[in-house]
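As provided, data-v8.tsv (TSV, C-alpha atoms and all ligand atoms) reads as follows.
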```tsv
chain	number	residue	atom	x	y	z
S	1	MET	CA	-21.03	26.51	17.64
S	2	LYS	CA	-23.60	23.95	16.55
S	3	PHE	CA	-26.08	23.92	13.69
S	4	SER	CA	-28.10	20.74	14.02
S	5	GLY	CA	-29.08	20.65	10.32
S	6	LEU	CA	-25.50	21.03	9.16
S	7	ASP	CA	-24.09	18.77	11.89
S	8	ALA	CA	-26.02	15.85	10.44
S	9	ALA	CA	-25.26	16.63	6.76
S	10	ALA	CA	-23.29	14.08	4.78
S	11	THR	CA	-21.61	16.86	2.78
S	12	ALA	CA	-18.53	18.55	4.22
S	13	MET	CA	-19.41	22.15	5.11
S	14	MET	CA	-17.79	25.18	6.73
S	15	ILE	CA	-19.11	28.60	7.69
S	16	LEU	CA	-16.83	31.62	7.40
S	17	ASP	CA	-17.44	35.10	8.74
S	18	SER	CA	-17.05	38.14	6.50
S	19	SER	CA	-13.28	38.22	7.23
S	20	ARG	CA	-13.13	34.66	5.89
S	21	ILE	CA	-12.31	33.14	9.26
S	22	ILE	CA	-13.64	29.63	9.79
S	23	ARG	CA	-16.33	29.79	12.50
S	24	TYR	CA	-17.86	26.37	12.02
S	25	ALA	CA	-16.99	23.03	10.39
S	26	ASN	CA	-19.40	20.10	10.46
S	27	PRO	CA	-18.40	16.49	11.37
S	28	SER	CA	-18.38	15.55	7.67
S	29	ALA	CA	-15.74	18.25	7.10
S	30	GLU	CA	-13.64	16.71	9.86
S	31	ASN	CA	-13.83	13.37	8.09
S	32	PHE	CA	-13.33	14.87	4.69
S	33	PHE	CA	-10.18	16.76	5.62
S	34	ASN	CA	-9.06	14.14	8.10
S	35	THR	CA	-8.50	16.71	10.81
S	36	SER	CA	-10.31	17.92	13.92
S	37	THR	CA	-12.50	21.01	13.99
S	38	LYS	CA	-9.99	22.43	16.47
S	39	ASN	CA	-7.45	22.59	13.66
S	40	LEU	CA	-9.86	24.47	11.43
S	41	LEU	CA	-11.73	26.84	13.70
S	42	ASP	CA	-10.70	30.50	14.00
S	43	LYS	CA	-8.24	30.19	11.14
S	44	VAL	CA	-8.36	32.38	8.07
S	45	ILE	CA	-9.25	30.19	5.12
S	46	ASP	CA	-5.97	31.20	3.40
S	47	SER	CA	-3.89	29.63	6.14
S	48	VAL	CA	-5.53	26.24	5.77
S	49	PHE	CA	-5.28	25.66	2.04
S	50	ILE	CA	-2.14	25.24	-0.02
S	51	SER	CA	-3.68	27.12	-2.92
S	52	PRO	CA	-6.42	29.38	-1.55
S	53	ASN	CA	-6.63	31.48	-4.76
S	54	ILE	CA	-9.49	29.56	-6.28
S	55	ILE	CA	-11.44	29.33	-3.05
S	56	ASN	CA	-11.00	33.06	-2.45
S	57	GLU	CA	-12.11	33.83	-5.96
S	58	ILE	CA	-15.31	31.81	-5.54
S	59	ILE	CA	-16.05	33.51	-2.21
S	60	SER	CA	-15.49	36.93	-3.80
S	61	LEU	CA	-17.81	36.06	-6.68
S	62	ALA	CA	-20.46	34.79	-4.26
S	63	SER	CA	-20.12	37.99	-2.24
S	64	GLU	CA	-20.16	40.40	-5.19
S	65	ASN	CA	-23.11	38.73	-6.90
S	66	ASP	CA	-24.91	37.66	-3.75
S	67	CYS	CA	-25.48	34.17	-5.07
S	68	THR	CA	-23.96	30.67	-4.96
S	69	PHE	CA	-20.78	30.00	-6.92
S	70	LYS	CA	-19.19	26.69	-7.67
S	71	SER	CA	-15.74	26.04	-9.03
S	72	LEU	CA	-16.67	24.62	-12.37
S	73	ASP	CA	-14.18	23.56	-14.94
S	74	GLN	CA	-12.01	20.48	-14.54
S	75	THR	CA	-8.74	22.26	-14.00
S	76	THR	CA	-9.81	25.01	-11.67
S	77	ASN	CA	-12.05	22.99	-9.43
S	78	ILE	CA	-9.12	21.24	-7.86
S	79	LEU	CA	-8.14	22.77	-4.58
S	80	SER	CA	-5.64	21.28	-2.20
S	81	LEU	CA	-5.75	21.33	1.53
S	82	LYS	CA	-2.47	20.81	3.28
S	83	LEU	CA	-3.34	17.88	5.50
S	84	ASP	CA	0.10	16.75	6.50
S	85	GLU	CA	3.41	16.35	4.77
S	86	ASN	CA	2.31	13.46	2.62
S	87	GLU	CA	-1.35	13.77	1.93
S	88	VAL	CA	-2.99	16.09	-0.53
S	89	LEU	CA	-6.70	16.01	-1.22
S	90	ASP	CA	-8.46	17.11	-4.39
S	91	PHE	CA	-11.99	18.44	-4.33
S	92	SER	CA	-14.39	21.04	-5.70
S	93	THR	CA	-16.00	23.81	-3.68
S	94	MET	CA	-19.27	25.71	-3.59
S	95	ALA	CA	-19.60	29.08	-1.82
S	96	SER	CA	-22.88	30.79	-0.85
S	97	PRO	CA	-23.47	34.01	1.07
S	98	THR	CA	-25.25	33.30	4.35
S	99	ASN	CA	-26.53	35.07	7.44
S	100	ILE	CA	-26.61	31.92	9.49
S	101	LEU	CA	-24.18	33.45	12.02
S	102	GLY	CA	-26.53	36.39	12.52
S	103	LYS	CA	-24.28	38.55	10.35
S	104	PRO	CA	-22.99	38.21	6.77
S	105	GLY	CA	-20.72	35.25	6.11
S	106	PHE	CA	-20.22	32.37	3.71
S	107	LEU	CA	-21.25	28.76	3.60
S	108	LEU	CA	-18.71	26.48	1.88
S	109	GLU	CA	-19.57	22.99	0.66
S	110	PHE	CA	-16.93	20.55	-0.42
S	111	ASN	CA	-17.65	17.91	-2.95
S	112	THR	CA	-16.12	14.47	-3.11
S	113	VAL	CA	-17.89	13.34	-6.26
S	114	ASN	CA	-15.23	14.56	-8.64
S	115	ARG	CA	-12.48	13.08	-6.58
S	116	GLN	CA	-14.15	9.68	-6.47
S	117	LEU	CA	-14.95	9.87	-10.13
S	118	GLN	CA	-11.43	10.86	-11.03
S	119	LYS	CA	-10.02	8.04	-8.97
S	120	ILE	CA	-12.34	5.49	-10.54
S	121	GLN	CA	-11.51	6.79	-14.01
S	122	ARG	CA	-7.80	6.69	-13.22
S	123	ASP	CA	-8.07	3.13	-11.88
S	124	GLU	CA	-9.99	2.03	-14.93
S	125	GLN	CA	-7.50	3.63	-17.28
S	126	MET	CA	-4.63	2.06	-15.39
S	127	LEU	CA	-6.27	-1.34	-15.48
S	128	ASN	CA	-6.98	-1.22	-19.21
S	129	GLN	CA	-3.51	0.04	-19.93
S	130	ALA	CA	-1.93	-2.66	-17.78
S	131	LYS	CA	-3.98	-5.37	-19.51
S	132	GLY	CA	-3.06	-4.09	-22.97
S	133	ASN	CA	0.59	-3.75	-22.03
S	134	HIS	CA	0.78	-7.19	-20.66
S	135	GLU	CA	-0.73	-8.85	-23.68
S	136	LEU	CA	1.58	-6.98	-26.01
S	137	ILE	CA	4.61	-7.84	-23.94
S	138	ARG	CA	3.73	-11.52	-23.72
S	139	ASN	CA	3.27	-11.78	-27.47
S	140	LEU	CA	6.51	-9.96	-28.13
S	141	ALA	CA	8.40	-12.09	-25.60
S	142	HIS	CA	7.14	-15.27	-27.30
S	143	GLU	CA	8.21	-13.95	-30.70
S	144	ILE	CA	11.71	-13.09	-29.47
S	145	LYS	CA	12.35	-16.28	-27.54
S	146	ASN	CA	12.65	-18.70	-30.47
S	147	PRO	CA	15.03	-16.74	-32.70
S	148	LEU	CA	17.04	-15.87	-29.59
S	149	GLY	CA	17.54	-19.57	-28.90
S	150	GLY	CA	18.68	-19.95	-32.49
S	151	LEU	CA	21.18	-17.10	-32.16
S	152	ARG	CA	22.61	-18.49	-28.97
S	153	GLY	CA	22.91	-21.98	-30.49
S	154	ALA	CA	24.70	-20.61	-33.55
S	155	ALA	CA	27.14	-18.64	-31.38
S	156	GLN	CA	27.81	-21.76	-29.33
S	157	LEU	CA	28.53	-23.76	-32.49
S	158	LEU	CA	30.90	-21.07	-33.67
S	159	ALA	CA	32.61	-21.00	-30.29
S	160	SER	CA	33.18	-24.73	-30.38
S	161	ASP	CA	35.35	-24.28	-33.50
S	162	ASN	CA	38.90	-23.48	-32.71
S	163	LEU	CA	38.49	-19.73	-32.83
S	164	ASN	CA	41.27	-17.34	-32.05
S	165	ARG	CA	40.98	-15.56	-28.73
S	166	ASP	CA	39.71	-12.28	-30.15
S	167	THR	CA	36.88	-13.89	-32.10
S	168	LYS	CA	35.93	-16.08	-29.10
S	169	LYS	CA	35.44	-12.90	-27.11
S	170	PHE	CA	32.65	-11.97	-29.50
S	171	THR	CA	30.87	-15.31	-29.34
S	172	ASP	CA	31.08	-15.11	-25.53
S	173	VAL	CA	29.40	-11.70	-25.63
S	174	ILE	CA	26.63	-13.06	-27.87
S	175	ILE	CA	26.06	-16.02	-25.56
S	176	SER	CA	26.04	-14.02	-22.32
S	177	GLU	CA	23.78	-11.29	-23.75
S	178	ALA	CA	21.42	-13.94	-25.15
S	179	ASP	CA	21.27	-15.51	-21.66
S	180	ARG	CA	20.53	-12.14	-20.06
S	181	LEU	CA	17.75	-11.50	-22.54
S	182	HIS	CA	16.40	-14.99	-21.99
S	183	LYS	CA	16.11	-14.39	-18.26
S	184	LEU	CA	14.33	-11.10	-18.90
S	185	LEU	CA	11.86	-12.82	-21.22
S	186	ASP	CA	11.21	-15.52	-18.64
S	187	ARG	CA	10.30	-12.83	-16.10
S	188	LEU	CA	7.95	-11.26	-18.62
S	189	LEU	CA	6.28	-14.56	-19.33
S	190	ILE	CA	5.24	-15.35	-15.77
S	191	PRO	CA	2.12	-17.45	-16.10
S	192	THR	CA	-1.16	-15.61	-15.68
S	193	LYS	CA	-2.33	-18.39	-13.40
S	194	LEU	CA	-5.20	-17.87	-11.01
S	195	PRO	CA	-4.06	-17.10	-7.49
S	196	THR	CA	-3.75	-20.00	-5.02
S	197	ILE	CA	-5.72	-18.55	-2.18
S	198	GLN	CA	-5.00	-19.07	1.50
S	199	GLN	CA	-5.47	-17.21	4.75
S	200	PHE	CA	-2.23	-15.81	6.12
S	201	ASN	CA	-0.71	-13.34	8.50
S	202	VAL	CA	0.62	-10.30	6.67
S	203	HIS	CA	3.34	-9.63	9.26
S	204	GLU	CA	4.82	-13.08	8.78
S	205	ALA	CA	4.92	-12.49	5.03
S	206	ILE	CA	6.62	-9.11	5.55
S	207	ARG	CA	9.26	-10.70	7.79
S	208	ARG	CA	10.00	-13.24	5.08
S	209	VAL	CA	10.54	-10.38	2.66
S	210	THR	CA	12.83	-8.46	5.02
S	211	ASP	CA	14.85	-11.62	5.79
S	212	LEU	CA	15.41	-12.12	2.08
S	213	THR	CA	16.32	-8.49	1.34
S	214	GLN	CA	18.52	-8.28	4.44
S	215	ALA	CA	20.52	-11.20	3.06
S	216	GLU	CA	20.72	-9.54	-0.35
S	217	PHE	CA	21.62	-6.07	0.98
S	218	PRO	CA	23.60	-6.71	4.16
S	219	LYS	CA	24.52	-3.04	4.43
S	220	THR	CA	20.92	-1.99	4.99
S	221	ILE	CA	20.79	-0.85	8.58
S	222	GLY	CA	17.63	-2.72	9.33
S	223	TYR	CA	13.97	-2.27	8.88
S	224	LYS	CA	11.82	-0.30	11.22
S	225	GLU	CA	8.51	-1.99	11.81
S	226	ASN	CA	5.38	-0.08	12.59
S	227	PHE	CA	2.84	-2.87	12.68
S	228	ASP	CA	-0.79	-2.74	13.69
S	229	VAL	CA	-0.84	-5.82	15.92
S	230	SER	CA	-4.56	-6.22	15.56
S	231	LEU	CA	-4.34	-6.49	11.77
S	232	PRO	CA	-6.64	-9.26	10.54
S	233	SER	CA	-5.28	-11.96	8.26
S	234	VAL	CA	-5.84	-11.63	4.54
S	235	ILE	CA	-7.05	-14.22	2.09
S	236	ALA	CA	-4.88	-14.06	-1.00
S	237	ASP	CA	-2.07	-15.83	-2.84
S	238	LYS	CA	0.70	-15.62	-0.26
S	239	GLU	CA	3.56	-16.33	-2.65
S	240	GLN	CA	2.35	-13.68	-5.10
S	241	ILE	CA	2.02	-11.10	-2.32
S	242	ILE	CA	5.51	-11.93	-1.04
S	243	GLN	CA	6.93	-11.58	-4.56
S	244	ALA	CA	5.26	-8.19	-5.02
S	245	MET	CA	6.48	-6.93	-1.62
S	246	LEU	CA	9.95	-8.22	-2.42
S	247	ASN	CA	10.06	-6.14	-5.61
S	248	VAL	CA	9.04	-3.03	-3.69
S	249	VAL	CA	11.37	-3.53	-0.71
S	250	ARG	CA	14.24	-4.45	-3.03
S	251	ASN	CA	13.75	-1.13	-4.88
S	252	ALA	CA	13.77	0.77	-1.59
S	253	SER	CA	16.98	-1.02	-0.55
S	254	GLN	CA	18.59	-0.13	-3.86
S	255	ALA	CA	17.48	3.49	-3.56
S	256	ILE	CA	18.81	4.25	-0.08
S	257	LYS	CA	22.43	4.82	0.72
S	258	ASP	CA	24.08	2.92	3.56
S	259	THR	CA	22.66	5.37	6.06
S	260	GLY	CA	19.17	5.12	4.62
S	261	LYS	CA	16.15	3.93	6.48
S	262	ILE	CA	13.23	1.73	5.47
S	263	THR	CA	10.04	1.67	7.52
S	264	ILE	CA	7.36	-0.90	6.90
S	265	SER	CA	3.99	-0.20	8.42
S	266	THR	CA	0.61	-1.89	8.38
S	267	GLU	CA	-2.86	-0.57	9.05
S	268	VAL	CA	-6.50	-1.28	8.34
S	269	ILE	CA	-8.30	1.17	6.07
S	270	ARG	CA	-12.01	1.51	5.45
S	271	GLN	CA	-14.23	2.16	2.45
S	272	VAL	CA	-11.64	1.87	-0.26
S	273	THR	CA	-12.29	1.55	-3.98
S	274	LEU	CA	-9.93	-0.89	-5.61
S	275	LEU	CA	-10.23	-1.83	-9.27
S	276	LYS	CA	-13.68	-0.27	-9.47
S	277	LYS	CA	-15.00	-2.21	-6.46
S	278	LEU	CA	-15.78	-0.68	-3.10
S	279	HIS	CA	-14.41	-2.68	-0.15
S	280	PRO	CA	-15.51	-1.95	3.40
S	281	LEU	CA	-12.14	-3.03	4.82
S	282	ALA	CA	-8.63	-3.40	3.46
S	283	VAL	CA	-5.09	-3.89	4.70
S	284	LYS	CA	-2.51	-1.27	3.77
S	285	ILE	CA	1.17	-2.23	3.80
S	286	SER	CA	3.41	0.82	3.37
S	287	VAL	CA	7.09	0.67	2.54
S	288	ARG	CA	8.69	4.05	3.17
S	289	ASP	CA	12.28	5.01	2.46
S	290	ASN	CA	14.28	8.21	2.80
S	291	GLY	CA	16.24	7.74	-0.42
S	292	PRO	CA	16.41	10.27	-3.27
S	293	GLY	CA	12.87	9.62	-4.55
S	294	ILE	CA	11.62	8.49	-7.94
S	295	PRO	CA	13.27	10.42	-10.78
S	296	GLU	CA	10.79	13.02	-12.04
S	297	GLU	CA	11.02	11.92	-15.68
S	298	ILE	CA	9.73	8.40	-14.95
S	299	LYS	CA	7.40	9.18	-12.04
S	300	ASN	CA	4.22	8.91	-14.11
S	301	LYS	CA	5.06	5.61	-15.69
S	302	ILE	CA	6.94	3.48	-13.18
S	303	PHE	CA	4.23	0.80	-13.22
S	304	SER	CA	4.65	0.39	-16.98
S	305	PRO	CA	6.97	-2.37	-18.15
S	306	LEU	CA	10.61	-1.70	-19.03
S	307	ILE	CA	10.73	1.69	-17.29
S	308	SER	CA	13.83	1.95	-15.18
S	309	GLY	CA	15.87	4.71	-13.61
S	310	ARG	CA	18.65	2.36	-12.52
S	311	LYS	CA	21.73	1.34	-14.43
S	312	ASN	CA	21.19	-2.33	-15.29
S	313	GLY	CA	17.59	-2.19	-14.08
S	314	SER	CA	15.17	-4.09	-16.26
S	315	GLY	CA	12.15	-2.02	-15.24
S	316	LEU	CA	9.94	-5.00	-14.50
S	317	GLY	CA	9.79	-5.07	-10.70
S	318	LEU	CA	6.93	-2.61	-10.22
S	319	PHE	CA	5.05	-3.69	-13.33
S	320	LEU	CA	5.01	-7.25	-12.00
S	321	ALA	CA	4.23	-6.14	-8.42
S	322	GLN	CA	1.19	-4.21	-9.67
S	323	LYS	CA	0.06	-7.13	-11.78
S	324	LEU	CA	0.41	-9.65	-8.92
S	325	ILE	CA	-1.45	-7.42	-6.48
S	326	ASN	CA	-4.18	-6.70	-9.07
S	327	GLN	CA	-4.62	-10.45	-9.52
S	328	ASN	CA	-5.41	-10.51	-5.80
S	329	HIS	CA	-7.96	-7.68	-6.19
S	330	GLY	CA	-5.67	-5.06	-4.65
S	331	ALA	CA	-3.53	-2.18	-5.90
S	332	VAL	CA	-0.06	-0.70	-5.45
S	333	LEU	CA	0.13	3.08	-4.99
S	334	MET	CA	3.11	5.40	-4.91
S	335	GLN	CA	3.93	8.81	-3.45
S	336	SER	CA	7.43	10.15	-3.79
S	337	LYS	CA	9.48	13.24	-3.22
S	338	PRO	CA	13.20	13.52	-2.50
S	339	GLY	CA	13.87	12.03	0.93
S	340	ASP	CA	10.47	10.39	1.26
S	341	THR	CA	9.08	7.66	-0.96
S	342	VAL	CA	6.15	5.47	0.01
S	343	PHE	CA	4.83	2.47	-1.85
S	344	SER	CA	1.54	1.16	-0.46
S	345	ILE	CA	0.17	-2.27	-1.18
S	346	ILE	CA	-3.56	-2.38	-0.50
S	347	LEU	CA	-5.35	-5.70	-0.22
S	348	PRO	CA	-9.05	-6.07	0.47
S	349	ILE	CA	-10.04	-8.09	3.51
S	350	THR	CA	-12.59	-10.72	2.71
S	351	PHE	CA	-14.27	-12.70	5.41
S	352	LYS	CA	-14.41	-16.09	3.81
S	353	GLU	CA	-14.25	-19.17	5.99
S	354	ILE	CA	-11.57	-21.53	4.77
J	401	LIG	N1	11.94	3.40	-3.53
J	401	LIG	C1	12.38	3.96	-4.65
J	401	LIG	N2	13.15	5.09	-4.61
J	401	LIG	C2	13.60	5.69	-5.74
J	401	LIG	N3	13.35	5.22	-6.99
J	401	LIG	C3	12.62	4.10	-7.09
J	401	LIG	C4	12.10	3.41	-5.95
J	401	LIG	N4	11.39	2.35	-6.38
J	401	LIG	C5	11.48	2.37	-7.73
J	401	LIG	N5	12.21	3.40	-8.16
J	401	LIG	C6	12.51	3.78	-9.56
J	401	LIG	O1	11.56	3.13	-10.37
J	401	LIG	C7	12.24	2.38	-11.36
J	401	LIG	C8	11.40	1.18	-11.75
J	401	LIG	O2	11.45	0.18	-10.72
J	401	LIG	P1	11.22	-1.33	-11.11
J	401	LIG	O3	11.33	-2.15	-9.89
J	401	LIG	O4	9.99	-1.45	-11.93
J	401	LIG	O5	12.44	-1.64	-12.10
J	401	LIG	P2	13.97	-1.78	-11.77
J	401	LIG	O6	14.19	-1.80	-10.30
J	401	LIG	O7	14.68	-0.73	-12.54
J	401	LIG	O8	14.34	-3.20	-12.40
J	401	LIG	P3	13.94	-4.65	-11.86
J	401	LIG	O9	13.10	-4.48	-10.64
J	401	LIG	O10	13.17	-5.27	-12.97
J	401	LIG	O11	15.22	-5.31	-11.57
J	401	LIG	C9	13.59	2.05	-10.74
J	401	LIG	O12	14.55	1.81	-11.75
J	401	LIG	C10	13.89	3.31	-9.95
J	401	LIG	O13	14.44	4.30	-10.79
J	402	MG	MG	13.10	-3.15	-9.11
```
Could I get this file's structure written as structure tokens?
Ligand SMILES: Nc1ncnc2c1ncn2[C@@H]1O[C@H](COP(=O)(O)OP(=O)(O)OP(=O)(O)O)[C@@H](O)[C@H]1O
Ligand SMILES: [Mg+2]
Amino acid sequence: MKFSGLDAAATAMMILDSSRIIRYANPSAENFFNTSTKNLLDKVIDSVFISPNIINEIISLASENDCTFKSLDQTTNILSLKLDENEVLDFSTMASPTNILGKPGFLLEFNTVNRQLQKIQRDEQMLNQAKGNHELIRNLAHEIKNPLGGLRGAAQLLASDNLNRDTKKFTDVIISEADRLHKLLDRLLIPTKLPTIQQFNVHEAIRRVTDLTQAEFPKTIGYKENFDVSLPSVIADKEQIIQAMLNVVRNASQAIKDTGKITISTEVIRQVTLLKKLHPLAVKISVRDNGPGIPEEIKNKIFSPLISGRKNGSGLGLFLAQKLINQNHGAVLMQSKPGDTVFSIILPITFKEI
């Protein structure tokens, strides 16, 4: 079924019959839901959406009142379409009664504006929070470093006296803990230098990361590669990107058991908003593992500093990875559930001759 006006519309639209079966979806709807019309047509709307309650309510209201209804308030206008196992889309919906099929039915319009806006707001919030966090942490680290050096020096002086064995044990603890803290502070104080930009092949960088982690975690069964061979090179600070990937792959290696699996894939994505800027093209590097997933209690804050779910973890790996990738105009995203965790590093592709 074709409706030339709707076929050309930029807004995602569907037409349902009075039994709420999808009879038409325009090309924008295909794009919007990232699926083919074939997967939508002739299905009852309930079978397509994870939470069809809201959508059904709007359709009922439109039907009862014979006028257009839109899901309005912030919390109820979020509907989720089950796209595949890993992807969930948020959007608002408008329903209007229509006779376009020659008999009563409903026209549904799906709106991306809120989703875009929410994402931009989230990015902005994240960016401001990250900036504030980092400044605070740097100042604090500077403040701690000097007295810490003093403490360590004093313990060393004490230890050089002929202490009995029991007392020496205590000075040893002070010295080793001071050293541990010192290392932590050094990681926090990584210079905020401007990236040293060069053009490089992402797959080569990934292989360097896997070589390093393979040496560190020899039990890891190996990495599955799912590379897009036509991936263009990126222009960024190679060492910073490698460090960020290393932090992510190291986490995945720590999370999986000996039988676990890590898959690294690459792809090109289009029209992506990163740090408030729209980029026509970007490279997406995904690191997927089948470990237990991010613990629920820290899921919302893993990119904040000093948040760790691991014994002896310092909680800096992801904070630093995000910061390094942000410095290169990209972002690190996370999706996690038990048995399936994906960290994606997204870097814009810029076409600058160098
Ligand atoms: N792939 C993953 N699977 C499960 N949990 C993860 C994964 N990646 C990160 N996490 C959780 O997120 C926490 C934060 O990770 P992050 O790298 O920031 O710190 P860390 O690994 O604890 O310490 P550090 O990297 O500084 O040594 C981890 O402690 C872990 O609980
Ligand atoms: Mg880590």
### Query
How many Å separate CA of Phe33 (chain S) from CA of Ile54 (chain S)?
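Distance reported for this atom pair: 17.5 Å.
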Return the padded bounding box of region 323-336 of chain S as JSON: axis-aligned, built from all atoms listed in the file, 8 Å added on each side, with centre and edge lengths in Å to one decimal.
```
{"center_x": -0.3, "center_y": -0.2, "center_z": -7.6, "size_x": 31.4, "size_y": 36.7, "size_z": 24.3}
```
### Message
At a cut-off of 9 Å around ligand LIG 401 (chain J), and using all atoms listed in the file, what residues come up? Please write them as a VMD selection string.
### Response
chain S and resid 184 187 247 to 256 287 to 295 298 to 299 301 to 321 334 336 to 343
### Task
Rank nothing, just name the residue among S:Ile59, S:Leu333, S:Ile15, S:Leu246 nearest to ligand MG 402 (chain J), using all atoms listed in the file.
S:Leu246
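Between CA of Ser265 (chain S) and CA of Ser28 (chain S) the interatomic distance comes to 27.4 Å.
Each of S:Asn26, S:Gln322, S:Thr171, S:Thr266 was checked against ligand MG 402 (chain J) using only C-alpha atoms and all ligand atoms; the smallest atom-to-atom distance is that of S:Gln322.
Rounded to one decimal, CA of Asp172 (chain S) and CA of Ala159 (chain S) lie 7.7 Å from each other.
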### Task
Excluding Lys219 (chain S) and residues on its chain fewer than 2 positions from it, collect all residues at most 9 Å away from it, counting only C-alpha atoms, and give them as a PyMOL selection string.
chain S and resi 214+216-217+221-222+257-259
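The shell of residues at most 7 Å from Thr93 (chain S), with only C-alpha atoms counted and near chain neighbours (fewer than 2 positions) removed, consists of Lys70, Ser71, Phe91, Ala95, Leu108, Glu109, Phe110 and Asn111 of chain S.
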Contacts of Gly149 (chain S) at 10 Å or less, counting all atoms listed in the file, minus same-chain residues fewer than 3 places along, as a CSV table (one decimal) with C-alpha atoms, keeping the file's coordinate frame?
```csv
chain,number,residue,atom,x,y,z
S,144,ILE,CA,11.7,-13.1,-29.5
S,145,LYS,CA,12.4,-16.3,-27.5
S,146,ASN,CA,12.6,-18.7,-30.5
S,152,ARG,CA,22.6,-18.5,-29.0
S,153,GLY,CA,22.9,-22.0,-30.5
S,154,ALA,CA,24.7,-20.6,-33.6
S,155,ALA,CA,27.1,-18.6,-31.4
S,175,ILE,CA,26.1,-16.0,-25.6
S,178,ALA,CA,21.4,-13.9,-25.2
S,179,ASP,CA,21.3,-15.5,-21.7
S,182,HIS,CA,16.4,-15.0,-22.0
```
### Message
When you look at Gln198 (chain S) with a cut-off of 9 Å (counting all atoms listed in the file), what residues show up, excluding the ones that are within fewer than 5 positions of it in the same chain? I need them as an NGL selection string.
### Response
:S and (234-238 or 354)
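Of the listed residues (S:Ser344, S:Gln243, S:Asn56, S:Asn139), S:Gln243 comes nearest to ligand MG 402 (chain J); the distances count only C-alpha atoms and all ligand atoms.
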### Task
Excluding Asp66 (chain S) and any residue of its chain fewer than 2 positions from it, enumerate the residues within 12 Å of it, using only C-alpha atoms, and give them as an MDAnalysis selection string.
chainID S and resid 58:64 68:69 95:99 104:106
### For ligand MG 402 (chain J), the nearest of the candidates S:Ala244, S:Ile50, S:Leu41, S:Leu278, counting all atoms listed in the file
S:Ala244
#### Entry: Which residue of S:Leu324, S:Glu135, S:Met245, S:Glu267 approaches ligand MG 402 (chain J) most closely, using all atoms listed in the file
S:Met245
